[in-house]
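K.L.:
Got a structure for you, questions after.
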Amino acid sequence: MTAGERILMKRKEYKLSIRALCKLLGGISPATVSMWEQDRNKPNGENLNNLAKIFKTSTTWLLTGENGNNTRGLESNVEAAPFQRGSKRLPILSHVQAGMWTEALDYRALGLDIEYEEAPITASDHAFWLRVIGDSMTSPSGISITEGMLILVDPEEDIINGSLVVAKLEGTDEATFKKLVIDAGMKSLRPLNPTYPPIPINGNCQIIGVVKEAKVKF
């Protein structure tokens with residue numbers, strides 16, 4: 001097994017996309033990781049050390065395959081420090097601001113009164129937080145997202161059937177938070193609260209982003 005094959009194996013083992021790994025490594029280009037995995041180049045310096053920390057292994061194993069598949073296999077009793085995935089500060093938008101949000105907008109254009117909240121480093125630079133209003137996503141069973149919770153919305157995530165999404169309906173100024181359901185070619189936005197009706201969509205809706213996580217702030 002080559003160094004590139006070991007890096008690829010570990011990336012898949014940790015279920016990281018190339019883009020996610022790039023963010024964990026401090027924002028290097030996807031082309032660089034691809035060249036490593038294709039054995040067209042090898043990581044060195046800080047990148048090599050951080051790869052070893054992310055994958056909980058040793059730099060020697062990554063490059064040569066020797067000394068085992070983790071730092072415990074080293075003769076030395078010194079292990080790599082746990083890799084800190086880190087975070088980034090993203091704005092908390094209003095539902096009107098979210099309805100107007102595009103990748104072309106700059107956070108600095110939002111003014112000085114915007115609140116910010118910590119988000120995973122893997123979130124895209126165009127992601128944002130939104131505070132849930134109402135009880136349409138409060139469910140008596142399964143996933144339930146109650147009023148006042150913060151949801152992380154990422155416009156760069158793939159939209160698939162069953163995704164929780166923030167969308168803007170034609171003729172409205174505000175964004176809405178619902179579940180996207182595609183059934184026999186028909187699309188609808190469905191609340192998790194069964195007392196609310198689904199909203200059929202057929203070109204009259206813009207999906208702003210996919211919801212990746214939710215949390216409560218006291």
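Numbering starts fresh at 1 for the residues of each chain in the structure tokens, the chains themselves are lettered A, B, ... in the order given, and ligands are numbered from 1 as they appear.
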Could you please write out, as a PyMOL selection string, every residue of chain A that DSSP assigns to helix (DSSP H, G or I)?
P.N.:
chain A and resi 3-13+18-24+30-37+45-54+59-64+71-73+95-99+107-110
K.L.:
Could you write out, as an MDAnalysis selection string, all the residues of segment 2-212 of chain A that DSSP marks as strand (DSSP E or B)?
P.N.:
chainID A and resid 87:93 115:120 128:131 150:154 164:169 175:183 186:190 199:201 205:212
K.L.:
Do you have, as a Markdown table, the list of residues of segment 113-174 of chain A lying at most 9 Å from segment 194-214 of chain A, each with its nearest atom pair and that distance in Å to one decimal, counting only C-alpha atoms and ordered by chain then number?
P.N.:
| residue | atom | partner | partner_atom | distance |
| --- | --- | --- | --- | --- |
| A:Ala123 | CA | A:Lys212 | CA | 8.6 |
| A:Ala127 | CA | A:Gly209 | CA | 8.1 |
| A:Ser136 | CA | A:Tyr196 | CA | 6.4 |
| A:Met137 | CA | A:Pro194 | CA | 9.0 |
| A:Thr138 | CA | A:Pro194 | CA | 8.9 |
| A:Ser139 | CA | A:Pro194 | CA | 7.3 |
| A:Pro140 | CA | A:Pro194 | CA | 8.5 |
| A:Ile145 | CA | A:Ala214 | CA | 7.4 |
| A:Met149 | CA | A:Ala214 | CA | 6.5 |
| A:Leu150 | CA | A:Ala214 | CA | 5.4 |
| A:Ile151 | CA | A:Ala214 | CA | 4.3 |
| A:Leu152 | CA | A:Glu213 | CA | 5.4 |
| A:Val153 | CA | A:Val211 | CA | 4.5 |
| A:Asp154 | CA | A:Gly209 | CA | 5.0 |
| A:Pro155 | CA | A:Gly209 | CA | 3.8 |
| A:Glu156 | CA | A:Gly209 | CA | 7.0 |
| A:Glu157 | CA | A:Val210 | CA | 6.0 |
| A:Asp158 | CA | A:Val210 | CA | 7.5 |
| A:Ile159 | CA | A:Val210 | CA | 6.5 |
| A:Ser163 | CA | A:Val210 | CA | 6.6 |
| A:Leu164 | CA | A:Val211 | CA | 5.4 |
| A:Val165 | CA | A:Val210 | CA | 4.5 |
| A:Val166 | CA | A:Gly209 | CA | 5.5 |
| A:Ala167 | CA | A:Ile207 | CA | 4.3 |
| A:Lys168 | CA | A:Gln206 | CA | 5.2 |
| A:Leu169 | CA | A:Cys205 | CA | 4.5 |
| A:Glu170 | CA | A:Asn204 | CA | 5.1 |
| A:Gly171 | CA | A:Asn204 | CA | 8.7 |
K.L.:
When distances are computed from only C-alpha atoms, which of A:Val96, A:Met186, A:Ala119, A:Leu192 shows the smallest separation from Asp173 of chain A?
P.N.:
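With only C-alpha atoms as the atom set, the closest residue is A:Val96.
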K.L.:
Please compute the atom CA of Thr60 of chain A-atom CA of Thr122 of chain A distance, one decimal, in Å.
P.N.:
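Between atom CA of Thr60 of chain A and atom CA of Thr122 of chain A the gap is 26.8 Å.
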K.L.:
Just want the 6 Å neighbourhood of Glu147 of chain A, counted on only C-alpha atoms, with same-chain residues fewer than 2 positions away dropped. Output as a list in words.
P.N.:
Val132, Ile133, Gly134, Asp135 and Met149 of chain A
K.L.:
Please list as a ChimeraX atom specification every residue within 8 Å of segment 38-50 of chain A, counting only C-alpha atoms and excluding residues in the same chain fewer than 4 positions away.
P.N.:
/A:2-5,25,34,54,59,63,83
K.L.:
Once you have the residues from the selection above, write them out as a CSV table (one decimal), in the first residue's frame, restricted to C-alpha atoms.
P.N.:
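Generated output (out31.csv):
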chain,number,residue,atom,x,y,z
A,2,THR,CA,1.3,3.4,-0.9
A,3,ALA,CA,1.3,6.6,1.1
A,4,GLY,CA,-1.6,7.9,-1.0
A,5,GLU,CA,-3.6,4.8,-0.6
A,25,LEU,CA,-6.1,21.0,7.6
A,34,SER,CA,-6.0,14.7,-4.5
A,54,ILE,CA,-6.7,13.8,12.5
A,59,THR,CA,3.6,10.4,10.4
A,63,LEU,CA,4.5,7.8,4.7
A,83,PHE,CA,-6.5,17.2,16.9
K.L.:
Using only C-alpha atoms, find the one residue out of A:Pro30, A:Leu62, A:Cys22, A:Asp183 that sits nearest to Met9 of chain A.
P.N.:
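Ranked by minimum distance to Met9 of chain A, first place goes to A:Leu62.
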